[in-house]
Structures are given as C-alpha cells and as structure tokens.
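The next block holds one structure in the form of structure tokens; read it before the comments.
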Amino acid sequence: MKILVCISHVPDTTSKINFADNDTKFDTNGVNFVINPNDEFGLTRAMWFKEKQGASVHVVNVGGPETEPTLRKALAIGADEAIRIDTPATDGYSVALQLADVAQQGGYDLIIGGRESIDYNGGMVPGMLAKMIGANFVNTCISLEIEGSSATAIREIDGGKETLQTTLPLVIGGQKGLVEESDLRIPNMRGIMQARSKPLHVKQGVEQSPRSQATTFEKPAPRGAVKLVDNVDQLIDLLHNEAKVI
Amino acid sequence: MSVLVYTESENGSFKKTAFEVVSYAKAIATELGTTLTAVSINASNTSQLGVYGADKVLEITNDSLANFDSQAYADAISQAATSQDATVVVLSQTANAKFMAPLVAVNLEAGYVSNVVALPKSITPFKIKHSVYTNKAFSLTQINTPVKIIGLGKNAYGLHETSAAAVSEAFSPTLQQSNTKVISVDKATDKVTIADAEVVVSAGRGLKGPENWGMIEEMATILGAATACSKPVSDMGWRSHGEHVGQTGKPVAATLYIAIGISGAIQHLAGINSSKIKVVINTDPEAPFFKAADYGIVGDAFEIVPQLNEKLKAFKAQNA
C-alpha cells in the first residue's frame with residue numbers, strides 16, 4: 001500500500017495572530033510553525049499502516065523552502081520520503097491542483113489530508129483533490145481500516161458518527177480520532193538523524209492561476225470587559241433582559 | 001444568471017440553517033438583480049422556503065439519495081446549478097455541506113470560500129469576508145471565477161422573512177453508481193447537537209470527574225441546549241470526542257455559550273469566538289476565559305450550578 005500524507009505548515013495553536021504590510025500578509029515574526037494538527041493525526045495513522053501492514057509513506061507539502069523543517073519533522077516521525085512542491089500555497093483550489101499532479105504520478109492507494117488547516121480553515125483541499133483524481137472521499141474521518149482494496153471509515157456527522165464502506169484509491173480529510181492525542185509521536189534522536197538522509201524531493205509546481213485570493217485581513221473588534229455578577233438571579237436577569245438570549 | 005441555494009433537510013424537514021442560507025442568498029440575488037432558486041433533496045413542505053425569499057424550488061425526490069453521499073449530492077447540486085445558469089451557489093456549513101462543497105466547486109470550476117460571515121463587500125470584483133485562523137481573524141477574499149461558491153457560517157446572517165411565494169418544480173439529476181455505502185449511523189436522536197444548538201453548556205477539568213456531569217446535563221435539558229467540553233476532558237475520556245470544542249475540535253456558533261470550570265486556553269477560545277454571548281463560571285478570577293466572556297461569576301461550580309439550575313427551572317416555568 002502506498003500512502004501520501006499531505007502536510008500543511010501552519011502557525012502553532014498558541015500563536016498570536018498579527019498581520020503585516022497594511023494587513024495584506026500574515027506576520028510570521030516570532031511565530032513557531034508546526035505540522036497542521038489534523039494532518040499530524042493522519043500522519044500517525046499512516047505510521048500504523050506502515051508498521052502493521054507494510055505500507056510505504058510519503059509526505060507532501062506545497063510551499064517555499066521555509067516549510068522544509070516541517071517536512072523534516074514528518075520524516076523524523078517516520079515517513080519514508082518527502083516531496084515539496086515549490087510554489088506558494090495560495091488558495092485551496094491551487095493547492096489541490098498541485099497535489100493532484102503528485103498524487104497521479106505517484107499512484108498512491110491512500111491519500112491522507114486534514115479536515116482543515118488551522119490557518120485558513122478552508123476545509124476544501126482533500127475534497128477537491130479527490131474529485132480531481134477521481135478517487136473516493138471521506139471527510140471528517142475519525143477511524144480508518146483497510147483490507148486489500150476495501151476501506152471501512154467512520155466519519156463524524158453533526159451529532160454522531162456514520163460508518164462507510166468504500167474502495168481504494170481513497171482520499172480522507174482526517175482529524176482527531178484517527179489516532180488519539182496520546183498516540184502522537186515526538187521525534188527521537190534516532191529519527192531526527194535518519195530524517196537528515198531521507199529523500200526530500202523538490203518539484204516545480206504546475207502552472208495555474210488562483211481562483212481566489214486573500215486581499216486584506218482584519219482582527220475581530222476588541223470586546224468590552226466582562227460583567228461580573230455575585231449571584232445567579234442577577235445572571236438570569238442579565239441574560240433575559242440585557243442580552244435577550246434566554 | 002441566477003443564484004442557487006442548497007437547502008438541507010433531515011427526515012424530510014428543513015434544518016434551521018436552510019432558512020438562514022435562503023435569507024442570505026436572497027439578499028445576494030437582490031443585489032445582483034436576479035432570482036433565487038433553492039434546491040432540496042427528499043424534503044417536504046418546500047413552500048416554507050418562499051417565506052425566506054426563494055422564487056423557485058427545484059425538488060429532487062430520489063430514494064437513492066436517502067443516505068447522504070457526497071459524490072451523488074455534489075453531482076445533483078452541480079446539475080441544478082448548471083440548469084439555472086447560476087453564478088453564485090450558497091451552502092451552509094453543516095458537516096454534510098462542508099463535505100460536498102469542494103466537490104461542487106470542482107464540478108462547476110468555481111472558486112469556493114468557506115466560513116463566510118457577511119454579504120459580499122463588493123460584486124465586481126467579488127470580495128467576501130470569512131473567518132480564518134480559527135476565528136482569530138477575518139480575511140477579505142476575492143473570487144476570480146465566473147461561478148462563485150459561498151459556505152455561510154452558522155448564525156452569521158440570521159433569518160429574514162420576505163413575502164414571496166415560491167414555485168416548485170421537480171428536478172431529476174443524472175446520478176452515477178456510488179462507490180461508497182453507508183453501513184450504519186450512530187446518532188443520539190433525543191439530544192440537541194452542537195451544530196444545531198442555540199445554547200451550548202460546556203464544562204472543563206474544574207468538574208473534577210465524569211461522574212459530576214449530571215448537573216451539566218440537567219442545565220442542558222432545562223435550556224434545550226447541547227453539552228460540550230474542553231480538550232483535556234475529551235483527552236482523558238471523561239466525555240466523547242464529539243463534544244470537544246476548540247481549534248482541533250468543533251467550532252461553536254451559538255447564541256449563548258456557558259463555560260463551567262474551563263480556564264479558557266487560546267485554542268478553546270478560538271473555537272467559541274463566533275458565539276454571541278459567553279458566560280463563564282470559574283473559581284479562579286485570573287482564568288483567561290474572563291477576558292473573553294460577556295458575563296461571569298467567580299465561584300465554585302459545585303455550589304453555583306445547582307443554584308443556577310433551580311433558578312433557571314423556575315424562570316423557564318414562568319416564561320414558558
């Protein structure tokens with residue numbers, strides 16, 4: 001089984017979000033970048049496929065050289081090879097188009113993406129990629145088992161879950177549940193050393209024009225101070241008469 | 001040219017988000033000087049959509065669409081859009097809508113923007129505001145393609161009634177055999193889901209253990225609310241993952257969010273940012289949640305929550 005895990009390079013979850021150049025660009029100053037959490041759950045699930053079912057695991061990212069440490073981390077966790085598509089990640093559609101090219105050339109059976117990246121939250125790349133390459137697709141995937149060419153996946157739905165039977169080739173939009181938080185792996189020294197000599201291929205992107213682009217960013221308006229109350233009667237009164245939400 | 005909106009239903013009845021997306025799509029149609037067509041799948045009572053501004057409803061009735069299938073649903077919506085020469089397609093952000101929207105975008109060669117929070121800022125060029133960085137910021141994004149797909153965030157626009165009446169007609173899409181089958185659905189039918197809820201009652205580590213959730217569930221029952229929890233609580237297995245709210249869990253866009261014994265980590269606050277009113281109950285006056293809340297009580301949940309439940313019960317009885 002050949003697995004491709006799509007890795008998004010994102011600010012870590014505790015980052016303060018600021019913008020530069022007249023609010024047209026994310027300010028990377030002082031920001032620590034990590035593997036997108038939804039992708040990391042998928043990468044760890046891929047490691048289990050590697051260890052238990054002999055799968056080979058490649059990781060891919062769309063972005064400039066600054067994203068390579070994130071790919072090296074994925075290699076240190078245990079991926080066999082990495083691919084960086086050397087073009088800026090603009091909108092979801094162009095990222096999916098770049099990935100589709102790699103996916104088709106590599107003949108992967110399973111492509112694991114994240115439900116969404118925690119920076120743009122578009123939630124569109126895995127679905128678009130699946131449609132472009134004609135693969136089956138399961139979004140918000142919280143469990144995945146593969147036997148031969150058949151796959152059993154559980155996806156989160158509003159208020160519950162749904163079990164699906166489908167076939168390879170398959171693309172999933174993964175999230176927590178594929179593996180648990182406690183299953184995530186911190187690269188050890190041996191992994192980090194090995195990652196240095198694993199292949200990291202740099203590939204030119206295919207030509208295309210973005211379907212959408214961010215023009216400016218803004219932060220939410222600062223909120224007023226909290227109103228502290230001493231008792232529950234006051235709280236109910238405020239919720240009813242002032243906020244009008246009960 | 002027209003505007004098309006997908007109106008989601010469950011067991012034949014429209015979801016509340018269906019009326020919200022129709023209200024929103026009507027405003028865009030008016031701005032563009034064109035008509036609004038809604039498309040429904042196995043829904044009854046489609047005349048309800050006229051109340052919110054649909055001029056026409058394409059009714060799809062097909063047993064093979066009884067279970068949600070992303071490919072089949074995406075194909076059906078895409079064919080409906082093409083038949084109406086739609087230049088703007090509006091969907092909600094339910095789990096199913098988010099699942100199929102990217103497929104519709106590829107079908108229609110359209111630019112897609114999700115988590116939209118307002119009407120387009122301009123039509124030419126088409127610029128629209130949506131939330132990014134898990135509600136920590138907004139982006140004004142320009143869509144360059146002739147067809148645009150908009151995923152409208154829950155409670156971002158609200159319901160707006162007009163007096164129009166909708167004309168219904170049957171629509172039969174051409175569907176391919178699907179490779180994906182639904183084996184089973186596991187869904188509590190007696191509980192309000194976080195996605196549908198107007199009020200969410202959420203609790204954290206301050207509750208000390210899963211055995212203490214009775215009072216949280218009681219409050220949820222009194223308020224007709226959904227229950228939710230913080231990340232540590234779901235990681236420790238006190239509550240199911242489906243209740244985890246925050247950056248790697250679920251987003252909450254409720255009208256009222258009550259946080260009990262949750263300190264307010266930045267990842268949690270990001271997840272609830274689009275909720276309207278936030279109430280926090282915590283023993284620690286320094287808890288970061290107090291900076292993000294509208295109302296707060298500094299105190300012990302084990303004392304306050306039972307009192308609050310009693311008073312809320314009385315309040316509900318009086319205001320029923």
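Labeling convention for the structure tokens: chains A, B, ... as they appear, residues from 1 per chain, ligands from 1 in order of appearance.
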Do you know which residues are at most 12 Å from Leu239 of chain A counting only C-alpha atoms, after dropping those on the same chain fewer than 4 positions away, and could you put them as a PyMOL selection string? (chain A and resi 227+229+232-235+243-246) or (chain B and resi 199+255-258+276-279+294-296+312+315)
Taking only C-alpha atoms into account, report as a ChimeraX atom specification which residues of chain B lie within 6 Å of chain A. /B:95,99,102-103,111,114,132-133,137-145,179-187,193,195,293-297,308
Next, dump the selected residues to file, keeping only C-alpha atoms, as a short mmCIF file (atom, residue, chain, number, x, y, z; two decimals), in the first residue's frame.
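In the end it all went to result.cif:
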data_model
loop_
_atom_site.label_atom_id
_atom_site.label_comp_id
_atom_site.auth_asym_id
_atom_site.auth_seq_id
_atom_site.Cartn_x
_atom_site.Cartn_y
_atom_site.Cartn_z
CA ALA B 95 -20.89 18.52 8.24
CA PHE B 99 -18.16 17.51 2.83
CA PRO B 102 -15.33 21.16 -2.58
CA LEU B 103 -16.70 18.55 -4.99
CA GLY B 111 -13.91 29.41 -6.59
CA SER B 114 -15.98 28.77 3.38
CA VAL B 132 -9.68 32.43 9.25
CA TYR B 133 -7.13 31.38 11.90
CA ALA B 137 -9.09 36.89 12.27
CA PHE B 138 -11.09 37.63 9.12
CA SER B 139 -9.94 37.66 5.52
CA LEU B 140 -11.47 39.67 2.71
CA THR B 141 -11.07 37.29 -0.21
CA GLN B 142 -11.60 37.96 -3.89
CA ILE B 143 -13.10 35.19 -6.04
CA ASN B 144 -11.94 35.35 -9.67
CA THR B 145 -14.06 32.67 -11.34
CA ASN B 179 -18.61 3.51 -4.64
CA THR B 180 -19.34 4.46 -1.05
CA LYS B 181 -22.03 2.82 1.05
CA VAL B 182 -23.37 3.85 4.45
CA ILE B 183 -23.14 0.84 6.76
CA SER B 184 -24.55 2.37 9.92
CA VAL B 185 -25.40 5.67 11.53
CA ASP B 186 -24.89 6.21 15.22
CA LYS B 187 -26.68 9.35 16.31
CA THR B 193 -26.37 18.55 18.58
CA ALA B 195 -24.14 22.04 15.26
CA ALA B 293 -16.66 36.47 28.31
CA ASP B 294 -19.65 38.81 28.49
CA TYR B 295 -20.81 37.71 31.93
CA GLY B 296 -19.02 35.89 34.68
CA ILE B 297 -19.39 34.52 38.18
CA LEU B 308 -28.49 28.20 38.72
#
B:Tyr6, B:Val106, B:Gly151, B:Ile272 ranked by distance to Ile128 of chain B, top pick (using only C-alpha atoms): B:Gly151
Polymer residues at most 7 Å from Gly246 of chain B, only C-alpha atoms, same-chain spacing of 6 or more positions, as number ranges by chain: B: 267-272
Based on the selection just made, write C-alpha atoms of those residues as a JSON list (two decimals), in the first residue's frame.
[["chain", "number", "residue", "atom", "x", "y", "z"],
["B", 267, "GLN", "CA", -7.33, 27.13, 21.37],
["B", 268, "HIS", "CA", -10.65, 26.76, 23.22],
["B", 269, "LEU", "CA", -11.49, 30.45, 22.96],
["B", 270, "ALA", "CA", -10.79, 30.37, 19.22],
["B", 271, "GLY", "CA", -13.36, 27.62, 18.79],
["B", 272, "ILE", "CA", -16.16, 29.53, 20.51]]
When DSSP works through the backbone of this structure, what residues of segment 89-160 of chain A end up as strand (DSSP E), shown as an mmCIF file with C-alpha atoms, in the first residue's frame?
data_model
loop_
_atom_site.group_PDB
_atom_site.id
_atom_site.type_symbol
_atom_site.label_atom_id
_atom_site.label_comp_id
_atom_site.auth_asym_id
_atom_site.auth_seq_id
_atom_site.Cartn_x
_atom_site.Cartn_y
_atom_site.Cartn_z
ATOM 1 C CA LEU A 110 -4.494 6.215 0.052
ATOM 2 C CA ILE A 111 -4.100 9.967 0.397
ATOM 3 C CA ILE A 112 -4.494 11.411 3.875
ATOM 4 C CA GLY A 113 -5.196 15.104 4.353
ATOM 5 C CA GLY A 114 -6.579 17.009 7.313
ATOM 6 C CA ASN A 136 -13.367 8.160 -3.312
ATOM 7 C CA PHE A 137 -13.510 10.650 -0.483
ATOM 8 C CA VAL A 138 -14.398 10.597 3.214
ATOM 9 C CA ASN A 139 -14.333 13.850 5.168
ATOM 10 C CA THR A 140 -14.062 14.388 8.962
ATOM 11 C CA CYS A 141 -12.701 10.853 9.139
ATOM 12 C CA ILE A 142 -12.190 9.545 12.715
ATOM 13 C CA SER A 143 -11.366 5.900 12.010
ATOM 14 C CA LEU A 144 -9.950 4.063 9.018
ATOM 15 C CA GLU A 145 -9.241 0.379 8.408
ATOM 16 C CA ILE A 146 -8.032 -1.054 5.098
ATOM 17 C CA GLU A 147 -8.163 -4.684 3.906
ATOM 18 C CA SER A 150 -11.614 -2.124 0.530
ATOM 19 C CA ALA A 151 -11.807 0.505 3.261
ATOM 20 C CA THR A 152 -14.057 0.947 6.277
ATOM 21 C CA ALA A 153 -14.154 4.503 7.523
ATOM 22 C CA ILE A 154 -16.055 6.242 10.284
ATOM 23 C CA ARG A 155 -16.815 9.900 9.801
ATOM 24 C CA GLU A 156 -18.106 12.453 12.263
ATOM 25 C CA ILE A 157 -21.520 13.836 11.378
ATOM 26 C CA GLY A 160 -22.958 11.452 15.887
#
With 9 Å as the cut-off and only C-alpha atoms counted, what is the closest atom pair between each nearby residue of segment 85-152 of chain A and segment 50-71 of chain A? Distances in Å to one decimal, ordered by chain and number, as JSON lines.
{"residue": "A:Ile85", "atom": "CA", "partner": "A:Val62", "partner_atom": "CA", "distance": 4.7}
{"residue": "A:Asp86", "atom": "CA", "partner": "A:Gly63", "partner_atom": "CA", "distance": 5.5}
{"residue": "A:Thr87", "atom": "CA", "partner": "A:Gly63", "partner_atom": "CA", "distance": 5.2}
{"residue": "A:Pro88", "atom": "CA", "partner": "A:Gly63", "partner_atom": "CA", "distance": 4.8}
{"residue": "A:Ala89", "atom": "CA", "partner": "A:Gly63", "partner_atom": "CA", "distance": 5.5}
{"residue": "A:Val95", "atom": "CA", "partner": "A:Val62", "partner_atom": "CA", "distance": 6.6}
{"residue": "A:Gln98", "atom": "CA", "partner": "A:Val62", "partner_atom": "CA", "distance": 7.4}
{"residue": "A:Leu99", "atom": "CA", "partner": "A:Val62", "partner_atom": "CA", "distance": 7.7}
{"residue": "A:Val102", "atom": "CA", "partner": "A:Val60", "partner_atom": "CA", "distance": 8.5}
For a quick check of understanding, using only C-alpha atoms, which of B:Leu152, B:Ala72, B:Ala66, B:Ala314 has the smallest distance to Gln177 of chain B?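 Distance minimum relative to Gln177 of chain B lands on B:Ala72.
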One number please: atom CA of Ile83 of chain A to atom CA of His201 of chain A, in Å, one decimal. 4.7 Å
Write out as a PDB file with N, CA and C atoms, in the first residue's frame the residues lying within 8 Å of His244 of chain B, counting only C-alpha atoms and excluding same-chain residues fewer than 4 positions away.
ATOM      1  N   ALA B 228     -21.146  20.255  25.803  1.00  0.00           N
ATOM      2  CA  ALA B 228     -19.837  20.271  25.154  1.00  0.00           C
ATOM      3  C   ALA B 228     -18.773  20.188  26.246  1.00  0.00           C
ATOM      4  N   CYS B 229     -17.511  20.085  25.841  1.00  0.00           N
ATOM      5  CA  CYS B 229     -16.453  20.015  26.855  1.00  0.00           C
ATOM      6  C   CYS B 229     -15.144  20.570  26.302  1.00  0.00           C
ATOM      7  N   SER B 230     -14.177  20.753  27.203  1.00  0.00           N
ATOM      8  CA  SER B 230     -12.857  21.234  26.812  1.00  0.00           C
ATOM      9  C   SER B 230     -12.005  20.060  26.330  1.00  0.00           C
ATOM     10  N   LYS B 231     -10.849  20.382  25.740  1.00  0.00           N
ATOM     11  CA  LYS B 231      -9.983  19.347  25.176  1.00  0.00           C
ATOM     12  C   LYS B 231      -9.463  18.369  26.227  1.00  0.00           C
ATOM     13  N   VAL B 233     -10.745  17.331  28.901  1.00  0.00           N
ATOM     14  CA  VAL B 233     -11.834  16.450  29.309  1.00  0.00           C
ATOM     15  C   VAL B 233     -12.053  15.338  28.278  1.00  0.00           C
ATOM     16  N   SER B 234     -11.977  15.683  26.983  1.00  0.00           N
ATOM     17  CA  SER B 234     -12.157  14.638  25.971  1.00  0.00           C
ATOM     18  C   SER B 234     -10.904  13.769  25.871  1.00  0.00           C
ATOM     19  N   SER B 240     -17.116  12.188  25.290  1.00  0.00           N
ATOM     20  CA  SER B 240     -16.732  11.723  23.957  1.00  0.00           C
ATOM     21  C   SER B 240     -16.072  12.847  23.148  1.00  0.00           C
ATOM     22  N   GLY B 249     -11.141  20.638  17.769  1.00  0.00           N
ATOM     23  CA  GLY B 249     -12.449  20.023  17.958  1.00  0.00           C
ATOM     24  C   GLY B 249     -13.481  20.736  17.113  1.00  0.00           C
ATOM     25  N   LYS B 250     -14.647  20.935  17.714  1.00  0.00           N
ATOM     26  CA  LYS B 250     -15.736  21.564  16.964  1.00  0.00           C
ATOM     27  C   LYS B 250     -15.769  23.061  17.204  1.00  0.00           C
TER      28      LYS B 250
END
Using DSSP on the backbone coordinates, identify all residues within segment 68-209 of chain A classified as helix (DSSP H, G or I); present the result as an MDAnalysis selection string. chainID A and resid 68:77 92:106 125:133 181:183 189:197
Generate the output file for the selected residues, N, CA and C atoms, as a short mmCIF file (atom, residue, chain, number, x, y, z; two decimals), in the first residue's frame.
data_model
loop_
_atom_site.label_atom_id
_atom_site.label_comp_id
_atom_site.auth_asym_id
_atom_site.auth_seq_id
_atom_site.Cartn_x
_atom_site.Cartn_y
_atom_site.Cartn_z
N GLU A 68 10.46 23.46 4.81
CA GLU A 68 11.18 22.18 4.87
C GLU A 68 11.37 21.62 6.28
N PRO A 69 11.60 22.47 7.31
CA PRO A 69 11.72 21.88 8.66
C PRO A 69 10.47 21.09 9.06
N THR A 70 9.31 21.53 8.60
CA THR A 70 8.07 20.82 8.92
C THR A 70 8.06 19.45 8.22
N LEU A 71 8.53 19.41 6.97
CA LEU A 71 8.62 18.12 6.26
C LEU A 71 9.66 17.22 6.91
N ARG A 72 10.80 17.81 7.34
CA ARG A 72 11.85 17.01 8.02
C ARG A 72 11.29 16.41 9.31
N LYS A 73 10.42 17.17 9.98
CA LYS A 73 9.83 16.63 11.21
C LYS A 73 8.97 15.41 10.88
N ALA A 74 8.22 15.49 9.76
CA ALA A 74 7.40 14.35 9.35
C ALA A 74 8.28 13.14 9.02
N LEU A 75 9.44 13.40 8.42
CA LEU A 75 10.39 12.30 8.14
C LEU A 75 10.93 11.72 9.44
N ALA A 76 11.19 12.60 10.41
CA ALA A 76 11.72 12.15 11.70
C ALA A 76 10.69 11.31 12.45
N ILE A 77 9.42 11.61 12.25
CA ILE A 77 8.36 10.81 12.87
C ILE A 77 8.29 9.44 12.21
N GLY A 92 -7.11 27.23 -1.81
CA GLY A 92 -7.29 25.79 -1.67
C GLY A 92 -7.29 25.08 -3.01
N TYR A 93 -7.92 25.71 -4.01
CA TYR A 93 -8.01 25.07 -5.31
C TYR A 93 -6.62 24.85 -5.92
N SER A 94 -5.75 25.87 -5.86
CA SER A 94 -4.42 25.68 -6.47
C SER A 94 -3.61 24.64 -5.71
N VAL A 95 -3.76 24.61 -4.38
CA VAL A 95 -3.04 23.59 -3.60
C VAL A 95 -3.51 22.20 -4.03
N ALA A 96 -4.83 22.04 -4.15
CA ALA A 96 -5.37 20.74 -4.56
C ALA A 96 -4.86 20.34 -5.94
N LEU A 97 -4.77 21.32 -6.85
CA LEU A 97 -4.31 21.05 -8.21
C LEU A 97 -2.84 20.58 -8.21
N GLN A 98 -2.02 21.24 -7.37
CA GLN A 98 -0.60 20.84 -7.27
C GLN A 98 -0.51 19.42 -6.70
N LEU A 99 -1.30 19.15 -5.66
CA LEU A 99 -1.26 17.83 -5.03
C LEU A 99 -1.77 16.75 -5.99
N ALA A 100 -2.77 17.10 -6.81
CA ALA A 100 -3.34 16.13 -7.74
C ALA A 100 -2.27 15.63 -8.71
N ASP A 101 -1.39 16.55 -9.12
CA ASP A 101 -0.32 16.19 -10.04
C ASP A 101 0.61 15.15 -9.40
N VAL A 102 1.03 15.42 -8.15
CA VAL A 102 1.89 14.47 -7.42
C VAL A 102 1.16 13.15 -7.18
N ALA A 103 -0.12 13.26 -6.81
CA ALA A 103 -0.91 12.07 -6.49
C ALA A 103 -1.02 11.16 -7.70
N GLN A 104 -1.25 11.75 -8.87
CA GLN A 104 -1.41 10.94 -10.06
C GLN A 104 -0.11 10.29 -10.49
N GLN A 105 0.98 11.06 -10.40
CA GLN A 105 2.27 10.49 -10.80
C GLN A 105 2.72 9.39 -9.85
N GLY A 106 2.38 9.51 -8.56
CA GLY A 106 2.86 8.56 -7.57
C GLY A 106 2.03 7.29 -7.47
N VAL A 125 -9.29 21.31 0.51
CA VAL A 125 -8.24 20.68 -0.30
C VAL A 125 -8.47 19.17 -0.50
N PRO A 126 -8.73 18.37 0.56
CA PRO A 126 -8.89 16.93 0.31
C PRO A 126 -10.04 16.61 -0.64
N GLY A 127 -11.17 17.29 -0.47
CA GLY A 127 -12.34 17.03 -1.33
C GLY A 127 -12.05 17.37 -2.78
N MET A 128 -11.42 18.54 -3.00
CA MET A 128 -11.11 18.94 -4.37
C MET A 128 -10.12 17.97 -5.01
N LEU A 129 -9.11 17.59 -4.21
CA LEU A 129 -8.11 16.65 -4.70
C LEU A 129 -8.77 15.33 -5.12
N ALA A 130 -9.65 14.81 -4.27
CA ALA A 130 -10.32 13.54 -4.57
C ALA A 130 -11.09 13.65 -5.88
N LYS A 131 -11.83 14.75 -6.03
CA LYS A 131 -12.64 14.93 -7.23
C LYS A 131 -11.74 15.05 -8.47
N MET A 132 -10.62 15.75 -8.33
CA MET A 132 -9.72 15.95 -9.48
C MET A 132 -9.11 14.65 -9.97
N ILE A 133 -8.80 13.73 -9.03
CA ILE A 133 -8.14 12.49 -9.45
C ILE A 133 -9.13 11.32 -9.54
N GLU A 181 -4.75 11.80 20.85
CA GLU A 181 -3.72 12.77 21.20
C GLU A 181 -2.49 12.07 21.80
N SER A 182 -2.74 11.07 22.64
CA SER A 182 -1.64 10.38 23.34
C SER A 182 -0.85 9.46 22.41
N ASP A 183 -1.38 9.20 21.19
CA ASP A 183 -0.65 8.36 20.24
C ASP A 183 0.33 9.17 19.39
N MET A 189 15.93 11.11 18.85
CA MET A 189 17.20 11.49 18.23
C MET A 189 17.52 10.63 17.02
N ARG A 190 17.20 9.33 17.13
CA ARG A 190 17.49 8.42 16.01
C ARG A 190 16.66 8.82 14.78
N GLY A 191 15.39 9.12 15.03
CA GLY A 191 14.51 9.55 13.94
C GLY A 191 15.00 10.82 13.29
N ILE A 192 15.45 11.75 14.13
CA ILE A 192 15.92 13.04 13.61
C ILE A 192 17.18 12.84 12.76
N MET A 193 18.10 11.97 13.22
CA MET A 193 19.33 11.68 12.47
C MET A 193 18.97 11.03 11.13
N GLN A 194 18.07 10.04 11.18
CA GLN A 194 17.70 9.33 9.95
C GLN A 194 17.02 10.28 8.96
N ALA A 195 16.22 11.20 9.49
CA ALA A 195 15.48 12.12 8.62
C ALA A 195 16.41 12.94 7.75
N ARG A 196 17.62 13.21 8.27
CA ARG A 196 18.57 14.04 7.51
C ARG A 196 18.98 13.38 6.21
N SER A 197 19.00 12.04 6.19
CA SER A 197 19.46 11.38 4.98
C SER A 197 18.31 10.83 4.14
#
